[in-house]
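J.: A single structure is presented below for examination.
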Amino acid sequence: MLRFDDLQLFVRTAETGSLSAAARLLDVSPAVASAALKRLEQQLQVRLLARSTRSLRLTPEGELYLVHARLALQSLEEGRQQLVGSQEGICGVLQLSAPSDLGRNTLLPWLDAFQDEHPQLQLRLLLADRVADLFREPVDIALRYGAPEDSSLVALPVAPENRRVLCASPSYLARHGSPRSVEELHQHNCLLYMLHGRAYDRWHFQDGKREVLMNVAGDRVCDDADVTRRWAVAGRGVVYKSWLDVAEDVREGRLQVLLPNWLGEPTPLYLVCAHRAQLSKAVHLLREFVQLRCQRLLDAAPWR
């Protein structure tokens, strides 16, 4: 019979990369933790972790079993919450990944308000422009731009009508003027960020049935899309960003939308998870909460 505390110890060890760190988190001695891990491996008759004096890593069998162990612990926690009356509220830990710009400048105040409504809920937020591995990393759900390429993932639409927009600050436009066509972007400093491991320098536009793909260039590239937005606000160039990322800057006058008659590339926002079992009450409530606020921003989008 598998023990709950053994599963918990294995998952925490995989997440921290350290048996002693997992033992501290669970308030047990290293000897007890080591015994729990050995007991679990004996019951499963596989080696879950490859251990040496200096390192610890998951074996291929351990990576496979980690997914099921997390789901089992989550299911047990959801059952516990129901028994104590979680229908009246939500509690526990929700681990969320989000893009850097959306996370820092749009999502953070929304999460504050969401936690105010659900004070028993704990949030763990991972902000990164790289795509989080939902099977290996300690993440329950992710907010992502674009539908996931992996068809095995569960993807729920949050802001399906979102698009990219072309923007620059008033100070930049005062010095360099505003482009009168997408072709004039070649005369401007285009601020770039990394997308899927390469500089996103191919900007798509549409005017009715006419579609244009512009290869742009500039003097700055960053792997953090939030930095690129900040460069634009500081007057360093033209940026091509998700409307959700820049809507507040446009509303406050820090950025101006350029060539509003041209439609930018569709950039739908999805809530993504590895398994439908992860769509807990907390996840559904958070999706509805974020979806409503995204729609308010989209109502003011320049293509409306």
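In the structure tokens, the first chain shown is A, the next is B, and so on; residue numbers restart at 1 for each chain, and ligands run from 1 in the order shown.
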Excluding Asp207 (chain A) and its own-chain neighbours fewer than 2 positions away, which residues fall within 7 Å of it when counting only C-alpha atoms? Please give them as a list of chain:residue names.

T.: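 Residues meeting the cut-off are A:Phe205, A:Lys209, A:Arg210, A:Glu211, A:Asn261, A:Trp262, A:Leu263.
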
J.: Store the residues picked out above, limited to N, CA and C atoms, as a CSV table (one decimal), in the first residue's frame.

T.:
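Written out: result_3.csv:
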```csv
chain,number,residue,atom,x,y,z
A,205,PHE,N,0.8,41.7,-40.6
A,205,PHE,CA,-0.3,42.7,-40.6
A,205,PHE,C,-1.3,42.4,-41.7
A,209,LYS,N,-8.2,42.1,-47.2
A,209,LYS,CA,-7.7,40.9,-47.7
A,209,LYS,C,-6.2,40.9,-47.9
A,210,ARG,N,-5.6,42.1,-47.8
A,210,ARG,CA,-4.2,42.2,-48.0
A,210,ARG,C,-3.4,41.8,-46.7
A,211,GLU,N,-2.5,40.9,-46.9
A,211,GLU,CA,-1.6,40.5,-45.8
A,211,GLU,C,-0.2,40.8,-46.1
A,261,ASN,N,-5.5,51.1,-38.6
A,261,ASN,CA,-6.3,50.4,-39.6
A,261,ASN,C,-5.8,49.1,-40.1
A,262,TRP,N,-4.5,48.8,-39.7
A,262,TRP,CA,-3.9,47.5,-40.0
A,262,TRP,C,-4.1,46.6,-38.8
A,263,LEU,N,-4.7,45.4,-39.0
A,263,LEU,CA,-4.9,44.4,-38.0
A,263,LEU,C,-3.5,43.7,-37.7
```

J.: Please provide the set of residues having any atom within 7 Å of region 107-121 of chain A, restricted to only C-alpha atoms, with same-chain residues fewer than 2 positions apart removed, written as a ChimeraX atom specification.

T.: /A:89-93,102-105,123

J.: Tell me, as an MDAnalysis selection string, which residues lie within 12 Å of Val182 (chain A), counting only C-alpha atoms; anything in the same chain fewer than 2 positions away does not count.

T.: chainID A and resid 166 178:180 184:188 190 203:207 210:216 238 240 258:264

J.: For the residues selected in the previous step, produce a file with N, CA and C atoms as a short mmCIF file (atom, residue, chain, number, x, y, z; two decimals), in the first residue's frame.

T.:
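Wrote it out as selection_10.cif, contents follow:
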```cif
data_model
loop_
_atom_site.label_atom_id
_atom_site.label_comp_id
_atom_site.auth_asym_id
_atom_site.auth_seq_id
_atom_site.Cartn_x
_atom_site.Cartn_y
_atom_site.Cartn_z
N LEU A 166 0.82 47.77 -32.90
CA LEU A 166 2.06 48.50 -33.12
C LEU A 166 2.01 49.78 -32.28
N SER A 178 5.70 59.44 -37.15
CA SER A 178 4.92 58.21 -37.12
C SER A 178 4.94 57.54 -38.50
N PRO A 179 5.13 56.23 -38.57
CA PRO A 179 5.10 55.56 -39.88
C PRO A 179 3.72 55.70 -40.52
N ARG A 180 3.71 56.00 -41.82
CA ARG A 180 2.43 56.15 -42.53
C ARG A 180 2.00 54.86 -43.19
N GLU A 184 7.08 51.56 -44.04
CA GLU A 184 7.97 52.56 -43.43
C GLU A 184 8.59 52.10 -42.12
N LEU A 185 8.19 50.91 -41.65
CA LEU A 185 8.83 50.37 -40.44
C LEU A 185 10.32 50.14 -40.66
N HIS A 186 10.74 49.99 -41.91
CA HIS A 186 12.16 49.83 -42.20
C HIS A 186 12.95 51.08 -41.82
N GLN A 187 12.27 52.21 -41.68
CA GLN A 187 12.94 53.46 -41.33
C GLN A 187 12.94 53.70 -39.82
N HIS A 188 12.41 52.76 -39.06
CA HIS A 188 12.28 52.95 -37.61
C HIS A 188 13.03 51.88 -36.84
N CYS A 190 12.96 49.14 -34.47
CA CYS A 190 11.97 48.18 -33.99
C CYS A 190 12.56 47.38 -32.84
N TRP A 203 6.98 40.57 -38.53
CA TRP A 203 5.73 41.12 -38.02
C TRP A 203 4.64 41.02 -39.09
N HIS A 204 3.53 40.41 -38.71
CA HIS A 204 2.41 40.17 -39.63
C HIS A 204 1.35 41.27 -39.47
N PHE A 205 0.82 41.73 -40.60
CA PHE A 205 -0.26 42.73 -40.60
C PHE A 205 -1.29 42.36 -41.66
N GLN A 206 -2.51 42.84 -41.44
CA GLN A 206 -3.58 42.57 -42.39
C GLN A 206 -4.44 43.82 -42.56
N ASP A 207 -4.74 44.14 -43.80
CA ASP A 207 -5.64 45.26 -44.13
C ASP A 207 -6.67 44.72 -45.10
N ARG A 210 -5.61 42.05 -47.78
CA ARG A 210 -4.17 42.18 -48.00
C ARG A 210 -3.40 41.82 -46.73
N GLU A 211 -2.47 40.91 -46.87
CA GLU A 211 -1.62 40.50 -45.76
C GLU A 211 -0.17 40.85 -46.07
N VAL A 212 0.53 41.36 -45.07
CA VAL A 212 1.91 41.79 -45.25
C VAL A 212 2.76 41.18 -44.14
N LEU A 213 3.91 40.66 -44.52
CA LEU A 213 4.89 40.16 -43.56
C LEU A 213 6.13 41.04 -43.66
N MET A 214 6.42 41.75 -42.57
CA MET A 214 7.55 42.67 -42.56
C MET A 214 8.71 42.08 -41.76
N ASN A 215 9.88 42.05 -42.39
CA ASN A 215 11.10 41.69 -41.68
C ASN A 215 11.70 42.98 -41.12
N VAL A 216 11.67 43.13 -39.81
CA VAL A 216 12.08 44.39 -39.18
C VAL A 216 13.40 44.21 -38.45
N VAL A 238 9.95 51.43 -31.69
CA VAL A 238 8.59 50.95 -31.98
C VAL A 238 8.50 49.51 -31.50
N TYR A 240 5.89 45.89 -31.09
CA TYR A 240 4.74 45.14 -31.63
C TYR A 240 4.36 44.12 -30.57
N LEU A 258 -0.06 52.81 -33.43
CA LEU A 258 0.29 53.26 -34.77
C LEU A 258 -0.45 52.42 -35.81
N LEU A 259 -0.76 53.04 -36.94
CA LEU A 259 -1.43 52.35 -38.06
C LEU A 259 -2.62 51.51 -37.59
N PRO A 260 -3.58 52.14 -36.90
CA PRO A 260 -4.70 51.38 -36.31
C PRO A 260 -5.58 50.69 -37.34
N ASN A 261 -5.51 51.10 -38.61
CA ASN A 261 -6.33 50.45 -39.64
C ASN A 261 -5.78 49.09 -40.06
N TRP A 262 -4.53 48.82 -39.68
CA TRP A 262 -3.93 47.52 -39.97
C TRP A 262 -4.15 46.59 -38.78
N LEU A 263 -4.67 45.41 -39.05
CA LEU A 263 -4.86 44.41 -37.98
C LEU A 263 -3.54 43.71 -37.70
N GLY A 264 -3.20 43.64 -36.42
CA GLY A 264 -2.01 42.90 -36.02
C GLY A 264 -2.29 41.40 -35.94
#
```

J.: Leaving out Trp243 (chain A) and any residue of its chain fewer than 2 positions from it, which residues lie within 6 Å of it when counting only C-alpha atoms, given as a list in words?

T.: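 Returned residues: Arg163, Arg164, Val165, Asp245, Val246 and Ala247 of chain A.
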
J.: Enter the distance from CA of Arg198 (chain A) to CA of Pro148 (chain A), in Å, rounded to one decimal.

T.: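 Going from CA of Arg198 (chain A) over to CA of Pro148 (chain A), I get 17.8 Å.
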
J.: Give me, as a list of chain:residue names, the residues of region 173-229 of chain A that a backbone DSSP run labels helix (DSSP H, G or I).

T.: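 Those in region 173-229 of chain A that DSSP calls helix (DSSP H, G or I) are A:Leu173, A:Ala174, A:Arg175, A:His176, A:Val182, A:Glu183, A:Glu184, A:Leu185, A:His186, A:Gln187, A:Ala225, A:Asp226, A:Val227, A:Thr228, A:Arg229.
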
J.: Could you state the separation of CA of Val221 (chain A) and CA of Glu149 (chain A) in Å, given to one decimal place?

T.: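 Result for CA of Val221 (chain A) versus CA of Glu149 (chain A): 25.0 Å, one decimal.
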
J.: When you count only C-alpha atoms, which of these residues is closest to Val290 (chain A): A:Leu143, A:Ala225, A:Leu255, A:Ala274?

T.: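 Comparing A:Leu143, A:Ala225, A:Leu255, A:Ala274 against Val290 (chain A), the winner is A:Leu143.
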
J.: Show me, as a list in words, the residues that have an atom within 8 Å of Leu19 (chain A) when counting only C-alpha atoms, minus same-chain residues fewer than 3 positions from it.

T.: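 Everything that qualifies: Thr13, Thr16, Ala22, Ala23, Pro30, Ala33 and Ser34 of chain A.
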
J.: Those same residues - all heavy atoms - I'd like them written as a PDB file, in the first residue's frame.

T.:
```
ATOM      1  N   THR A  13      10.857  16.303  -3.284  1.00  0.00           N
ATOM      2  CA  THR A  13      12.252  16.083  -3.651  1.00  0.00           C
ATOM      3  C   THR A  13      12.478  16.394  -5.121  1.00  0.00           C
ATOM      4  O   THR A  13      13.469  17.035  -5.498  1.00  0.00           O
ATOM      5  CB  THR A  13      12.657  14.628  -3.352  1.00  0.00           C
ATOM      6  OG1 THR A  13      12.460  14.349  -1.961  1.00  0.00           O
ATOM      7  CG2 THR A  13      14.116  14.388  -3.706  1.00  0.00           C
ATOM      8  N   THR A  16      12.358  20.297  -5.537  1.00  0.00           N
ATOM      9  CA  THR A  16      13.475  21.053  -4.961  1.00  0.00           C
ATOM     10  C   THR A  16      14.830  20.572  -5.462  1.00  0.00           C
ATOM     11  O   THR A  16      15.825  21.295  -5.370  1.00  0.00           O
ATOM     12  CB  THR A  16      13.460  20.961  -3.432  1.00  0.00           C
ATOM     13  OG1 THR A  16      13.595  19.582  -3.037  1.00  0.00           O
ATOM     14  CG2 THR A  16      12.159  21.518  -2.869  1.00  0.00           C
ATOM     15  N   ALA A  22      13.627  18.781   0.778  1.00  0.00           N
ATOM     16  CA  ALA A  22      12.276  18.230   0.889  1.00  0.00           C
ATOM     17  C   ALA A  22      11.979  17.827   2.317  1.00  0.00           C
ATOM     18  O   ALA A  22      10.869  18.037   2.822  1.00  0.00           O
ATOM     19  CB  ALA A  22      12.137  17.032  -0.048  1.00  0.00           C
ATOM     20  N   ALA A  23      12.964  17.277   3.010  1.00  0.00           N
ATOM     21  CA  ALA A  23      12.771  16.881   4.402  1.00  0.00           C
ATOM     22  C   ALA A  23      12.478  18.092   5.275  1.00  0.00           C
ATOM     23  O   ALA A  23      11.591  18.051   6.138  1.00  0.00           O
ATOM     24  CB  ALA A  23      14.019  16.150   4.907  1.00  0.00           C
ATOM     25  N   PRO A  30      16.319  13.908   7.704  1.00  0.00           N
ATOM     26  CA  PRO A  30      16.833  13.329   6.460  1.00  0.00           C
ATOM     27  C   PRO A  30      16.772  11.807   6.442  1.00  0.00           C
ATOM     28  O   PRO A  30      16.535  11.206   5.390  1.00  0.00           O
ATOM     29  CB  PRO A  30      18.282  13.830   6.416  1.00  0.00           C
ATOM     30  CG  PRO A  30      18.256  15.102   7.212  1.00  0.00           C
ATOM     31  CD  PRO A  30      17.266  14.865   8.305  1.00  0.00           C
ATOM     32  N   ALA A  33      13.256  10.829   5.612  1.00  0.00           N
ATOM     33  CA  ALA A  33      13.006  11.114   4.196  1.00  0.00           C
ATOM     34  C   ALA A  33      13.647  10.062   3.301  1.00  0.00           C
ATOM     35  O   ALA A  33      13.040   9.586   2.341  1.00  0.00           O
ATOM     36  CB  ALA A  33      13.535  12.508   3.854  1.00  0.00           C
ATOM     37  N   SER A  34      14.884   9.692   3.603  1.00  0.00           N
ATOM     38  CA  SER A  34      15.565   8.685   2.805  1.00  0.00           C
ATOM     39  C   SER A  34      14.844   7.342   2.886  1.00  0.00           C
ATOM     40  O   SER A  34      14.680   6.649   1.874  1.00  0.00           O
ATOM     41  CB  SER A  34      17.014   8.537   3.300  1.00  0.00           C
ATOM     42  OG  SER A  34      17.699   7.577   2.537  1.00  0.00           O
TER      43      SER A  34
END
```

J.: Taking the DSSP secondary structure from the backbone, can you list the residues of region 182-279 of chain A that are strand (DSSP E), as an mmCIF file with C-alpha atoms, in the first residue's frame?

T.:
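In the end it all went to out01.cif:
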```cif
data_model
loop_
_atom_site.group_PDB
_atom_site.id
_atom_site.type_symbol
_atom_site.label_atom_id
_atom_site.label_comp_id
_atom_site.auth_asym_id
_atom_site.auth_seq_id
_atom_site.Cartn_x
_atom_site.Cartn_y
_atom_site.Cartn_z
ATOM 1 C CA LEU A 192 12.534 42.984 -30.474
ATOM 2 C CA TYR A 193 12.077 40.184 -27.959
ATOM 3 C CA MET A 194 12.768 36.474 -28.069
ATOM 4 C CA LEU A 195 9.926 34.141 -29.033
ATOM 5 C CA ARG A 198 14.707 33.441 -31.641
ATOM 6 C CA ALA A 199 14.220 37.157 -32.130
ATOM 7 C CA ARG A 202 8.786 38.963 -38.684
ATOM 8 C CA TRP A 203 5.725 41.122 -38.020
ATOM 9 C CA HIS A 204 2.411 40.169 -39.630
ATOM 10 C CA PHE A 205 -0.258 42.725 -40.598
ATOM 11 C CA GLN A 206 -3.585 42.566 -42.389
ATOM 12 C CA ASP A 207 -5.635 45.256 -44.128
ATOM 13 C CA ARG A 210 -4.168 42.182 -48.003
ATOM 14 C CA GLU A 211 -1.621 40.505 -45.758
ATOM 15 C CA VAL A 212 1.912 41.790 -45.250
ATOM 16 C CA LEU A 213 4.888 40.162 -43.559
ATOM 17 C CA MET A 214 7.550 42.674 -42.555
ATOM 18 C CA ASN A 215 11.100 41.695 -41.677
ATOM 19 C CA VAL A 221 16.698 42.551 -28.391
ATOM 20 C CA CYS A 222 15.754 41.008 -25.036
ATOM 21 C CA VAL A 239 7.171 47.806 -30.383
ATOM 22 C CA TYR A 240 4.744 45.139 -31.628
ATOM 23 C CA LYS A 241 3.003 43.693 -28.592
ATOM 24 C CA SER A 242 -0.111 41.943 -27.383
ATOM 25 C CA GLN A 256 0.296 55.463 -28.830
ATOM 26 C CA VAL A 257 -1.137 52.915 -31.263
ATOM 27 C CA LEU A 258 0.293 53.256 -34.772
ATOM 28 C CA LEU A 263 -4.859 44.413 -37.982
ATOM 29 C CA GLY A 264 -2.008 42.899 -36.023
ATOM 30 C CA LEU A 269 -4.705 33.964 -24.572
ATOM 31 C CA TYR A 270 -5.343 30.459 -23.222
ATOM 32 C CA LEU A 271 -5.346 28.782 -19.849
ATOM 33 C CA VAL A 272 -3.416 25.545 -20.288
ATOM 34 C CA CYS A 273 -2.944 22.490 -18.078
#
```
